[in-house]
Amino acid sequence: MGGVADVFRALDDETRRLILDELAASDGQTLFEICTLLTTRHRLSSTRQAISQHLAVLESAGLVVTERRGRSKFHFFNPEPLTEITRRWPSVVGKEDP
Amino acid sequence: MKIRLTSLFVDDQRAALAFYTEVLGFTKRRDVPIGDASWLTVVSTEDPEGPELLLEPSGHPAVKPYRDALAEDGIPLAQFAVDDVEAEHERLTKLGVVFTQPPIDGGDYTTAVFDDTCGNLIQLIAERPAP
């Protein structure tokens, strides 16, 4: 699992943020389902191979974990690396807006 | 030129025939013994003169790695048209069918993906006519 720099790098891409949005809305998706959602809801035209590579970046940053169920591989949002960011600035992160 | 027949590899022809007729609701069209296997086809009960689906034995060594790789990524190998994907999702789930993708409303169409228990993922699609 990568460090905080990998997490920032992984988040520095609109397609990868959209993938996390979709997983946050409905966790546990196959590559095919993620591609379907990106195409139908976000009109993204990325190839399946490109999405697969985005998922690999998210996975190596620890933001996505995979689990095999039956014959298919499902992707899940793992928020743990994000708490590392909030832990770094505990005096300001999570405070109510004035 | 017309599409008259398309095929899916199935692990067990008899189990496949049961699933495709009893669960999905297709009708058996041909069942002609050829050696250990059969020339086995089904058609849509709603369109008995339409294209036949050949349920072909999956014994060739290329079939397993091909289907395993596609199933891992959740990629369906055939697409069946229905009037209402949500209703079919509910009906088939009650019959024990496992969906790898729940219905997704794509605006012009809704899709879902299920496991046919014979080695394939199948996509259901309901297209909405343009207003």
# chains A, B, ... in the order shown; residues from 1 in each chain; ligands from 1
$ interface_residues --of "chain B" --to "chain A" --cutoff "10 Å" --atoms "only C-alpha atoms" --output "ChimeraX atom specification"
/B:67-76,98,100-113,115,119-121
$ select_by_dssp --residues "region 30-75 of chain B" --states "strand (DSSP E or B)" --output "number ranges by chain"
B: 30-34, 37-44, 47, 52-57
$ residues_around --residues "Ala50 (chain A)" --least-positions-apart "5" --cutoff "10 Å" --atoms "only C-alpha atoms" --output "PyMOL selection string"
chain A and resi 15+35+45+55-56
$ residues_around --residues "Asp83 (chain B)" --least-positions-apart "2" --cutoff "12 Å" --atoms "only C-alpha atoms" --output "MDAnalysis selection string"
chainID B and resid 46 80:81 85:89 109:111 124:129
$ write_last_selection --atoms "C-alpha atoms" --output "short mmCIF file (atom, residue, chain, number, x, y, z; two decimals), in the first residue's frame"
data_model
loop_
_atom_site.label_atom_id
_atom_site.label_comp_id
_atom_site.auth_asym_id
_atom_site.auth_seq_id
_atom_site.Cartn_x
_atom_site.Cartn_y
_atom_site.Cartn_z
CA GLU B 46 -41.94 -14.75 -27.80
CA PHE B 80 -31.07 -10.63 -24.33
CA ALA B 81 -33.79 -8.04 -24.83
CA VAL B 85 -35.08 -5.15 -16.70
CA GLU B 86 -36.14 -4.31 -13.12
CA ALA B 87 -38.98 -6.85 -13.26
CA GLU B 88 -36.72 -9.57 -14.73
CA HIS B 89 -34.07 -8.79 -12.11
CA TYR B 109 -31.87 1.90 -21.94
CA THR B 110 -31.58 -0.11 -18.75
CA THR B 111 -29.14 -3.00 -18.39
CA LEU B 124 -30.33 -7.98 -20.09
CA ILE B 125 -31.34 -4.82 -21.89
CA ALA B 126 -34.58 -2.87 -22.21
CA GLU B 127 -34.42 -0.07 -24.73
CA ARG B 128 -36.72 2.88 -24.41
CA PRO B 129 -38.07 4.25 -27.64
#
$ residues_around --residues "region 20-26 of chain A" --least-positions-apart "4" --cutoff "7 Å" --atoms "only C-alpha atoms" --output "PyMOL selection string"
chain A and resi 16+76-77
$ write_last_selection --atoms "C-alpha atoms" --output "PDB file, in the first residue's frame"
ATOM      1  CA  ARG A  16     -10.547   8.324 -10.918  1.00  0.00           C
ATOM      2  CA  PHE A  76     -14.716  -1.628  -3.210  1.00  0.00           C
ATOM      3  CA  PHE A  77     -13.965   1.898  -1.950  1.00  0.00           C
TER       4      PHE A  77
END
$ closest_residue --among "A:Val93, A:Arg9, A:Gln49, A:Gly3" --to "Glu80 (chain A)" --atoms "only C-alpha atoms"
A:Gly3
$ atom_distance --atom1 "CA of Leu55 (chain B)" --atom2 "CA of Leu17 (chain B)"
7.8 Å
$ select_by_dssp --residues "chain A" --states "helix (DSSP H, G or I)" --output "MDAnalysis selection string"
chainID A and resid 4:11 14:25 31:42 48:60 80:88
$ closest_residue --among "B:Tyr20, B:Thr27, B:Phe9, B:Ala78" --to "Glu49 (chain B)" --atoms "only C-alpha atoms"
B:Thr27
$ residues_around --residues "Ala16 (chain B)" --least-positions-apart "6" --cutoff "8 Å" --atoms "only C-alpha atoms" --output "list in words"
Val10, Leu55, Thr117 and Cys118 of chain B
$ write_last_selection --atoms "N, CA and C atoms" --output "PDB file, in the first residue's frame"
ATOM      1  N   VAL B  10     -21.338 -23.800 -23.147  1.00  0.00           N
ATOM      2  CA  VAL B  10     -21.927 -24.157 -21.846  1.00  0.00           C
ATOM      3  C   VAL B  10     -21.194 -25.369 -21.269  1.00  0.00           C
ATOM      4  N   LEU B  55     -26.407 -23.953 -27.769  1.00  0.00           N
ATOM      5  CA  LEU B  55     -25.737 -24.204 -26.491  1.00  0.00           C
ATOM      6  C   LEU B  55     -24.641 -25.238 -26.754  1.00  0.00           C
ATOM      7  N   THR B 117     -24.986 -19.680 -14.857  1.00  0.00           N
ATOM      8  CA  THR B 117     -24.623 -20.942 -14.171  1.00  0.00           C
ATOM      9  C   THR B 117     -23.990 -21.962 -15.112  1.00  0.00           C
ATOM     10  N   CYS B 118     -23.777 -21.590 -16.372  1.00  0.00           N
ATOM     11  CA  CYS B 118     -23.193 -22.503 -17.361  1.00  0.00           C
ATOM     12  C   CYS B 118     -21.833 -21.991 -17.808  1.00  0.00           C
TER      13      CYS B 118
END
$ atom_distance --atom1 "CA of Glu22 (chain B)" --atom2 "CA of Leu95 (chain B)"
10.1 Å
$ atom_distance --atom1 "CA of Asp12 (chain B)" --atom2 "CA of Asp116 (chain B)"
11.7 Å
$ closest_residue --among "B:Leu77, B:Leu53, B:Ala37, B:Ser44" --to "Leu24 (chain B)" --atoms "only C-alpha atoms"
B:Ser44
$ closest_residue --among "B:Val63, B:Ile122, B:Val42, B:Gly96" --to "Gly25 (chain B)" --atoms "only C-alpha atoms"
B:Val42
